[in-house]
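Structure file entry-v5.txt with compact mmCIF, C-alpha atoms:
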# COMPACT_ATOMS: atom_id res chain seq x y z
CA MET A 89 5.09 6.99 11.64
CA THR A 90 3.25 9.40 9.34
CA VAL A 91 3.20 12.97 10.68
CA GLU A 92 -0.41 14.14 10.74
CA LEU A 93 -2.07 17.44 11.55
CA ARG A 94 -2.85 16.25 15.10
CA HIS A 95 0.87 15.78 15.84
CA LEU A 96 1.64 19.31 14.71
CA ARG A 97 -1.24 20.83 16.67
CA ALA A 98 -0.18 18.94 19.78
CA PHE A 99 3.39 20.20 19.49
CA LEU A 100 2.26 23.78 18.88
CA ALA A 101 0.00 23.66 21.95
CA ILE A 102 2.93 22.47 24.08
CA ALA A 103 5.18 25.19 22.64
CA GLU A 104 2.63 27.94 23.18
CA GLU A 105 1.50 26.83 26.65
CA GLY A 106 5.01 26.12 27.87
CA GLY A 107 4.17 22.74 29.35
CA ILE A 108 2.31 19.46 29.02
CA THR A 109 -0.31 20.18 31.71
CA ARG A 110 -1.76 23.35 30.23
CA ALA A 111 -1.43 22.06 26.68
CA ALA A 112 -3.33 18.88 27.57
CA ALA A 113 -6.11 20.93 29.14
CA ARG A 114 -6.29 23.13 26.06
CA LEU A 115 -6.51 20.13 23.74
CA ARG A 116 -8.85 18.25 26.10
CA MET A 117 -6.69 15.17 26.21
CA SER A 118 -4.78 13.37 28.96
CA GLN A 119 -1.25 14.38 29.86
CA PRO A 120 0.18 10.87 29.24
CA ALA A 121 -1.40 10.78 25.77
CA LEU A 122 0.02 14.19 24.92
CA SER A 123 3.46 13.19 26.20
CA ARG A 124 3.37 10.08 24.01
CA THR A 125 2.41 12.17 20.98
CA LEU A 126 5.36 14.49 21.57
CA ARG A 127 7.73 11.56 22.09
CA ARG A 128 6.61 9.84 18.87
CA LEU A 129 7.04 13.07 16.93
CA GLU A 130 10.56 13.43 18.29
CA GLU A 131 11.37 9.81 17.46
CA HIS A 132 10.12 10.30 13.92
CA LEU A 133 12.17 13.49 13.43
CA GLY A 134 15.21 12.07 15.21
CA VAL A 135 15.68 15.22 17.32
CA ARG A 136 14.75 16.46 20.80
CA LEU A 137 12.13 19.19 20.49
CA ALA A 138 11.62 20.01 24.17
CA ASP A 139 13.78 19.97 27.29
CA ARG A 140 11.80 18.34 30.12
CA SER A 141 14.56 18.51 32.71
CA THR A 142 13.00 21.48 34.51
CA HIS A 143 9.53 22.15 35.88
CA HIS A 144 8.97 24.62 33.06
CA LEU A 145 9.26 22.92 29.69
CA GLU A 146 11.61 24.68 27.27
CA LEU A 147 11.95 24.17 23.54
CA THR A 148 15.35 23.13 22.26
CA ALA A 149 16.99 24.93 19.34
CA GLN A 150 15.57 22.25 17.05
CA GLY A 151 12.18 22.75 18.71
CA HIS A 152 12.18 26.47 17.98
CA ALA A 153 13.09 25.82 14.34
CA PHE A 154 10.42 23.14 13.99
CA ARG A 155 7.77 25.34 15.65
CA ASP A 156 7.91 27.83 12.77
CA LYS A 157 7.62 25.04 10.19
CA ALA A 158 4.78 23.37 12.08
CA ARG A 159 2.85 26.63 12.41
CA ALA A 160 3.22 27.34 8.69
CA ALA A 161 2.08 23.80 7.81
CA VAL A 162 -0.99 24.02 10.07
CA ASP A 163 -1.92 27.48 8.77
CA GLU A 164 -1.70 26.24 5.18
CA ALA A 165 -3.69 23.08 5.90
CA LEU A 166 -6.51 25.07 7.56
CA ASP A 167 -6.57 27.94 5.07
CA PRO A 168 -9.93 27.65 3.22
CA GLN A 169 -8.47 29.59 0.29
CA ARG A 170 -6.10 26.66 -0.37
CA LEU A 171 -8.61 23.84 -0.24
CA HIS A 172 -9.46 24.02 -3.94
CA THR A 173 -5.80 23.56 -4.90
CA TRP A 174 -5.02 20.64 -2.58
CA PRO A 175 -3.34 18.21 -5.01
CA LEU A 176 -4.15 14.52 -5.08
CA ARG A 177 -0.87 12.58 -5.10
CA LEU A 178 -1.15 9.19 -6.80
CA GLY A 179 1.79 6.83 -6.37
CA HIS A 180 2.83 3.85 -8.45
CA ALA A 181 5.89 1.65 -8.37
CA TRP A 182 6.40 1.02 -12.07
CA SER A 183 3.48 1.04 -14.49
CA ALA A 184 0.52 3.05 -13.11
CA LEU A 185 -2.48 2.00 -15.25
CA GLY A 186 -0.48 1.00 -18.31
CA ARG A 187 -1.80 2.57 -21.50
CA SER A 188 -4.84 3.82 -19.55
CA THR A 189 -2.59 6.18 -17.55
CA THR A 190 -2.71 9.08 -20.01
CA PRO A 191 -6.50 8.82 -20.51
CA LEU A 192 -6.90 8.92 -16.71
CA LEU A 193 -4.79 12.07 -16.40
CA ARG A 194 -6.66 13.75 -19.27
CA ARG A 195 -10.09 12.83 -17.88
CA TRP A 196 -9.14 14.06 -14.43
CA ARG A 197 -7.84 17.37 -15.75
CA ALA A 198 -11.07 17.92 -17.68
CA GLU A 199 -13.47 16.87 -14.91
CA HIS A 200 -11.60 18.08 -11.80
CA PRO A 201 -9.58 21.16 -12.82
CA ALA A 202 -9.54 22.50 -9.25
CA THR A 203 -7.75 19.41 -7.88
CA PRO A 204 -4.41 18.67 -9.57
CA LEU A 205 -3.62 14.96 -9.91
CA GLU A 206 0.10 14.35 -9.37
CA LEU A 207 1.39 10.98 -10.61
CA LEU A 208 4.52 9.93 -8.69
CA ARG A 209 6.69 6.89 -9.36
CA ILE A 210 8.16 5.73 -6.06
CA ASP A 211 10.28 2.58 -5.85
CA ASP A 212 8.64 1.15 -2.77
CA ARG A 213 6.37 -1.83 -2.07
CA THR A 214 3.41 0.51 -1.43
CA ALA A 215 4.58 3.28 -3.80
CA GLY A 216 5.06 5.70 -0.90
CA LEU A 217 1.61 5.20 0.62
CA LEU A 218 2.66 3.89 4.04
CA ALA A 219 5.40 6.51 4.22
CA GLY A 220 2.82 9.27 3.76
CA ARG A 221 4.37 10.49 0.50
CA VAL A 222 1.18 9.97 -1.52
CA ASP A 223 -2.57 10.05 -0.87
CA ALA A 224 -3.35 6.92 -2.89
CA ALA A 225 -1.43 4.31 -4.84
CA LEU A 226 -1.91 1.89 -7.70
CA LEU A 227 -0.60 -1.45 -6.41
CA ARG A 228 -0.29 -4.84 -8.07
CA GLY A 229 -0.69 -8.11 -6.26
CA PRO A 230 -1.82 -8.59 -2.65
CA VAL A 231 -2.58 -5.41 -0.70
CA PRO A 232 -0.80 -5.15 2.68
CA GLY A 233 -3.30 -5.91 5.43
CA GLY A 234 -3.74 -4.58 8.94
CA ARG A 235 -2.27 -1.13 8.31
CA GLY A 236 -5.35 1.07 8.09
CA LEU A 237 -5.56 0.79 4.31
CA CYS A 238 -8.63 0.70 2.09
CA ALA A 239 -8.52 -0.85 -1.37
CA THR A 240 -10.64 -1.50 -4.40
CA GLU A 241 -9.60 -3.82 -7.21
CA LEU A 242 -9.78 -2.09 -10.59
CA VAL A 243 -8.69 -4.71 -13.10
CA ARG A 244 -6.66 -7.88 -13.58
CA GLU A 245 -3.69 -7.83 -15.94
CA PRO A 246 -2.22 -10.81 -17.81
CA ARG A 247 1.37 -11.73 -17.09
CA VAL A 248 4.05 -11.38 -19.72
CA ALA A 249 7.60 -12.68 -20.04
CA ALA A 250 10.38 -10.18 -20.66
CA VAL A 251 13.30 -11.73 -22.55
CA PRO A 252 16.41 -10.47 -24.39
CA ALA A 253 15.28 -9.12 -27.76
CA HIS A 254 17.91 -11.03 -29.72
CA GLY A 255 17.63 -14.35 -27.85
CA GLU A 256 15.96 -17.57 -28.87
CA LEU A 257 12.95 -17.01 -26.58
CA ALA A 258 12.11 -13.75 -28.37
CA ALA A 259 12.03 -15.58 -31.70
CA ARG A 260 9.16 -17.85 -30.64
CA HIS A 261 5.69 -17.04 -31.89
CA GLU A 262 3.71 -18.99 -29.31
CA ALA A 263 3.17 -17.96 -25.67
CA LEU A 264 6.02 -18.82 -23.34
CA THR A 265 5.66 -20.93 -20.20
CA LEU A 266 7.34 -20.92 -16.81
CA ALA A 267 9.22 -24.03 -17.90
CA ASP A 268 10.68 -22.07 -20.84
CA LEU A 269 12.05 -19.45 -18.45
CA ALA A 270 13.23 -21.84 -15.72
CA PRO A 271 16.70 -22.64 -17.18
CA HIS A 272 17.60 -18.96 -17.24
CA ALA A 273 18.62 -16.52 -14.52
CA VAL A 274 15.61 -14.49 -13.42
CA ALA A 275 15.74 -10.74 -12.82
CA LEU A 276 13.89 -9.86 -9.61
CA ASN A 277 12.97 -6.35 -8.48
CA THR A 278 13.24 -6.94 -4.74
CA VAL A 279 12.18 -3.41 -3.73
CA SER A 280 8.93 -2.80 -5.59
CA GLY A 281 8.51 -5.77 -7.92
CA LEU A 282 5.75 -8.34 -7.93
CA THR A 283 7.46 -11.53 -9.11
CA THR A 284 9.30 -13.95 -6.83
CA LEU A 285 10.73 -17.39 -7.51
CA GLY A 286 7.68 -18.77 -5.70
CA LEU A 287 5.74 -18.26 -8.95
CA TRP A 288 7.43 -21.40 -10.30
CA PRO A 289 6.48 -24.87 -9.05
CA PRO A 290 9.27 -26.41 -6.92
CA GLU A 291 10.17 -28.99 -9.56
CA ILE A 292 11.09 -26.33 -12.16
CA ARG A 293 12.02 -23.41 -9.90
CA PRO A 294 14.99 -21.39 -11.25
CA ASP A 295 18.26 -21.35 -9.33
CA ALA A 296 17.95 -18.80 -6.52
CA ASP A 297 21.71 -18.20 -6.48
CA ALA A 298 21.66 -17.27 -10.16
CA ALA A 299 18.84 -14.73 -9.77
CA VAL A 300 19.72 -11.13 -10.65
CA ARG A 301 18.34 -8.91 -7.90
CA VAL A 302 17.72 -5.24 -8.71
CA ALA A 303 16.04 -2.31 -6.97
CA ASN A 304 13.98 -0.65 -9.71
CA THR A 305 12.40 -1.13 -13.12
CA ASP A 306 15.22 0.58 -15.02
CA ASP A 307 17.83 -1.83 -13.66
CA TRP A 308 15.43 -4.75 -14.25
CA LEU A 309 15.15 -3.82 -17.92
CA GLY A 310 18.90 -3.32 -18.16
CA ALA A 311 19.67 -6.77 -16.77
CA ILE A 312 17.32 -8.41 -19.29
CA ALA A 313 18.51 -6.33 -22.25
CA ALA A 314 22.11 -7.26 -21.49
CA GLY A 315 21.19 -10.91 -22.08
CA GLY A 316 21.95 -12.10 -18.59
CA ALA A 317 18.42 -12.70 -17.36
CA VAL A 318 14.72 -13.04 -18.12
CA GLY A 319 11.81 -11.54 -16.21
CA VAL A 320 8.10 -11.78 -15.50
CA SER A 321 5.76 -8.79 -15.20
CA THR A 322 2.34 -7.69 -16.45
CA GLN A 323 0.99 -6.27 -19.69
CA ALA A 324 1.21 -2.73 -18.31
CA THR A 325 4.99 -2.97 -18.16
CA ALA A 326 5.10 -3.86 -21.84
CA GLU A 327 2.87 -0.85 -22.56
CA LEU A 328 4.74 1.75 -20.50
CA HIS A 329 8.31 0.45 -20.60
CA PRO A 330 9.28 -0.48 -24.16
CA HIS A 331 13.01 -1.18 -24.52
CA PRO A 332 14.98 -1.92 -27.70
CA GLY A 333 16.82 -4.72 -25.93
CA VAL A 334 13.76 -6.37 -24.37
CA ALA A 335 10.99 -8.39 -26.05
CA TYR A 336 7.71 -8.98 -24.24
CA ARG A 337 5.91 -12.25 -24.89
CA PRO A 338 2.61 -13.64 -23.53
CA LEU A 339 3.18 -15.97 -20.59
CA THR A 340 1.00 -18.97 -19.76
CA VAL A 341 0.77 -19.72 -16.02
CA PRO A 342 -1.51 -22.67 -15.12
CA GLY A 343 -4.45 -21.60 -12.95
CA ASP A 344 -3.47 -17.93 -13.09
CA THR A 345 -6.35 -15.44 -13.39
CA GLY A 346 -4.15 -12.41 -13.86
CA VAL A 347 -2.54 -9.93 -11.49
CA PRO A 348 -4.96 -7.70 -9.54
CA VAL A 349 -4.40 -3.96 -9.85
CA SER A 350 -5.88 -2.07 -6.90
CA LEU A 351 -6.33 1.54 -5.95
CA VAL A 352 -5.29 1.78 -2.30
CA TRP A 353 -5.52 4.65 0.19
CA ARG A 354 -5.20 5.28 3.92
CA ASP A 355 -8.42 5.05 5.89
CA MET A 356 -7.68 8.12 8.03
CA PRO A 357 -7.00 10.77 7.02
CA GLY A 358 -8.14 10.40 3.44
CA HIS A 359 -8.10 12.87 0.57
CA PRO A 360 -11.68 14.01 -0.16
CA ALA A 361 -11.23 13.35 -3.89
CA ILE A 362 -10.49 9.62 -3.49
CA PRO A 363 -14.05 8.52 -4.44
CA ASP A 364 -13.82 10.61 -7.61
CA LEU A 365 -10.47 8.99 -8.44
CA VAL A 366 -11.97 5.51 -8.09
CA THR A 367 -14.77 6.49 -10.47
CA ALA A 368 -12.40 8.04 -13.02
CA ALA A 369 -10.09 5.01 -12.98
CA ARG A 370 -13.00 2.63 -13.55
CA GLN A 371 -14.32 4.78 -16.39
CA VAL A 372 -11.06 4.86 -18.33
CA LEU A 373 -10.56 1.13 -17.87
CA SER A 374 -14.11 0.47 -19.01
CA ALA A 375 -13.57 2.64 -22.08
CA ARG A 376 -10.41 0.72 -22.87
CA GLY A 377 -12.28 -2.57 -22.64
CA THR A 378 -14.86 -1.45 -25.18
CA ALA A 379 -12.45 0.31 -27.55

Rewrite the coordinates I just gave you, this time as C-alpha cells.
Amino acid sequence: MTVELRHLRAFLAIAEEGGITRAAARLRMSQPALSRTLRRLEEHLGVRLADRSTHHLELTAQGHAFRDKARAAVDEALDPQRLHTWPLRLGHAWSALGRSTTPLLRRWRAEHPATPLELLRIDDRTAGLLAGRVDAALLRGPVPGGRGLCATELVREPRVAAVPAHGELAARHEALTLADLAPHAVALNTVSGLTTLGLWPPEIRPDADAAVRVANTDDWLGAIAAGGAVGVSTQATAELHPHPGVAYRPLTVPGDTGVPVSLVWRDMPGHPAIPDLVTAARQVLSARGTA
C-alpha cells in the first residue's frame, strides 16, 4: 500500500476526536470505511496505532509517535509556501533516457527552475513507482497493467549484445545474432532487467541452469566482464554504462521493432508537473533524432 494524504488525515481525525464515530462524522465518511483505512495504515506500518479494547479509543505509544510525524507531513503537504519547491522524483532502473538524460535534466532546470527534478536509480521492476518512492518512472518493455498507472511511450531503442571485451564475439565486426549468444551462459538481471531466456526461440534457447542471475546492473556488468557470461540490453545501456571489460555490439533479433521506453506515473494522485515532463522528454528525444 502507498501511504497517501487521505490515510494521514483519517488517522489524525481519529487521534484528535478520540474515536471512530466522531472522526467519521467529521470526515463525512462511514465508520466501517474509516476503520478499514486505519487498519490498512497499521498493516502497512506493521504496528498498532490505536487500542480499540475500550469504548474510548486510545492511541498506543507507537500511535502517539506517529501522530506527530503525520501532523508534520500533512502541514508540509498543505503549506502553500512549499508548493513551488515540491520536487518531481523520476525513477529509472538502469539507464534513464540514455545519452538524452543529461539534456533532459538541463532543459528541465532551465525551463522549470521552481520544480527540482530528482533522478533516482531504484533496482525494482517499476523503479520505485508502485512503492510510492517516485512520482514517475522511465520503464522499458511492457508496462504493468491494472494498477492505476498511466503511460506514454517515448521512443523505441535497438537491442545490443554485451559480451566480454577480450572474447571472440567482441572481435566480430558484423551485428551479432541470438544464435551467436546461445552457446554461452546468459547474465540475467532478475530484479529490474528486461531480458529473459524467452527472447530466444526454443530451438536455440540457452541453458537455463547455466544462466547467471544477478540483482542489479553493476553485477550484470561484472559477470560479463569476468568472461563468464554474455548479456542483452538496449542502446541506452551502452551509452550510460561503459565498462572496460564489456563490449557492446549491435544485435539482430528477427521481427523485433525495438524496446519501448515509456514514461509511467500513477493516475491518482499525480504530480502536477507530469505533463511538462512528458513534453520535455519528447523534446530532448526529438532533438537527438535531428542532431

Inset, instruction - Return the single residue from A:Arg293, A:Arg194, A:Arg244, A:Arg94 that is closest to Leu227 (chain A), with distances computed using all atoms listed in the file. - result: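 Among A:Arg293, A:Arg194, A:Arg244, A:Arg94, it is A:Arg244 that comes nearest to Leu227 (chain A).
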
Legend entry - Selection near Gly236 (chain A), 12 Å with all atoms listed in the file, sequence-local residues under 2 positions removed, as a list of chain:residue names: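 The residues that qualify are A:Leu217, A:Leu218, A:Val231, A:Pro232, A:Gly233, A:Gly234, A:Cys238, A:Ala239, A:Val352, A:Trp353, A:Arg354, A:Asp355, A:Met356, A:Pro357, A:Gly358.
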
Inset, instruction - Rounded to one decimal place, report the CA of Leu351 (chain A)-CA of Ala303 (chain A) distance in Å. - result: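 Pair CA of Leu351 (chain A) / CA of Ala303 (chain A) returns 22.7 Å.
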
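The space between CA of Leu264 (chain A) and CA of Pro289 (chain A) spans 15.5 Å.
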
Legend entry - Separation of CA of Arg124 (chain A) from CA of His144 (chain A) in Å: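 Separation between CA of His144 (chain A) and CA of Arg124 (chain A): 18.0 Å.
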
Legend entry - Which of A:Leu339, A:Ala224, A:Ala298, A:Leu269 sits closest to Pro246 (chain A) [using only C-alpha atoms]: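 Looking at the shortest contact to Pro246 (chain A), the residue is A:Leu339.
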
Compile the contact shell of Gly316 (chain A) as an mmCIF file with C-alpha atoms, keeping the file's coordinate frame: residues with an atom at most 10 Å away, counting all atoms listed in the file, same-chain residues fewer than 4 positions apart removed.
data_model
loop_
_atom_site.group_PDB
_atom_site.id
_atom_site.type_symbol
_atom_site.label_atom_id
_atom_site.label_comp_id
_atom_site.auth_asym_id
_atom_site.auth_seq_id
_atom_site.Cartn_x
_atom_site.Cartn_y
_atom_site.Cartn_z
ATOM 1 C CA VAL A 251 13.300 -11.730 -22.550
ATOM 2 C CA PRO A 252 16.410 -10.470 -24.390
ATOM 3 C CA HIS A 272 17.600 -18.960 -17.240
ATOM 4 C CA ALA A 273 18.620 -16.520 -14.520
ATOM 5 C CA VAL A 274 15.610 -14.490 -13.420
ATOM 6 C CA ALA A 275 15.740 -10.740 -12.820
ATOM 7 C CA ALA A 298 21.660 -17.270 -10.160
ATOM 8 C CA ALA A 299 18.840 -14.730 -9.770
ATOM 9 C CA VAL A 300 19.720 -11.130 -10.650
ATOM 10 C CA GLY A 310 18.900 -3.320 -18.160
ATOM 11 C CA ALA A 311 19.670 -6.770 -16.770
ATOM 12 C CA ILE A 312 17.320 -8.410 -19.290
#

Inset, instruction - Please provide the set of residues having any atom within 10 Å of Ala113 (chain A), restricted to all atoms listed in the file, with same-chain residues fewer than 6 positions apart removed, written as a ChimeraX atom specification. - result: /A:101,105,119

Legend entry - Using only C-alpha atoms: which of A:Thr125, A:Ser118, A:Thr203, A:Ser280 has the shortest distance to His180 (chain A):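 For His180 (chain A), the nearest of the candidates is A:Ser280.
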
Inset, instruction - In the coordinate frame of the file, compute which residues have an atom within 8 Å of (3.4, 16.6, 13.9) when using only C-alpha atoms, and state them as a list of chain:residue names. - result: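 Here the neighbourhood of the point contains A:Val91, A:Glu92, A:Leu93, A:Arg94, A:His95, A:Leu96, A:Arg97, A:Ala98, A:Phe99, A:Leu129, A:Ala158.
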
Quick one: residues within 12 Å of (-12.6, 9.7, -6.0) (file frame), counting only C-alpha atoms, please, as a tab-separated table (two decimals) with C-alpha atoms, in the coordinates of the input.
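The resulting file, result_11.tsv, is reproduced below:
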chain	number	residue	atom	x	y	z
A	176	LEU	CA	-4.15	14.52	-5.08
A	178	LEU	CA	-1.15	9.19	-6.80
A	196	TRP	CA	-9.14	14.06	-14.43
A	199	GLU	CA	-13.47	16.87	-14.91
A	200	HIS	CA	-11.60	18.08	-11.80
A	203	THR	CA	-7.75	19.41	-7.88
A	205	LEU	CA	-3.62	14.96	-9.91
A	223	ASP	CA	-2.57	10.05	-0.87
A	224	ALA	CA	-3.35	6.92	-2.89
A	240	THR	CA	-10.64	-1.50	-4.40
A	351	LEU	CA	-6.33	1.54	-5.95
A	352	VAL	CA	-5.29	1.78	-2.30
A	353	TRP	CA	-5.52	4.65	0.19
A	358	GLY	CA	-8.14	10.40	3.44
A	359	HIS	CA	-8.10	12.87	0.57
A	360	PRO	CA	-11.68	14.01	-0.16
A	361	ALA	CA	-11.23	13.35	-3.89
A	362	ILE	CA	-10.49	9.62	-3.49
A	363	PRO	CA	-14.05	8.52	-4.44
A	364	ASP	CA	-13.82	10.61	-7.61
A	365	LEU	CA	-10.47	8.99	-8.44
A	366	VAL	CA	-11.97	5.51	-8.09
A	367	THR	CA	-14.77	6.49	-10.47
A	368	ALA	CA	-12.40	8.04	-13.02
A	369	ALA	CA	-10.09	5.01	-12.98
A	370	ARG	CA	-13.00	2.63	-13.55
A	371	GLN	CA	-14.32	4.78	-16.39

Inset, instruction - For each of A:Arg110, A:Leu133, A:Ala103, A:Ala160, take the minimum atom-to-atom distance to Thr148 (chain A), counting only C-alpha atoms, then give the residue where this is smallest. - result: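 Nearest to Thr148 (chain A): A:Ala103.
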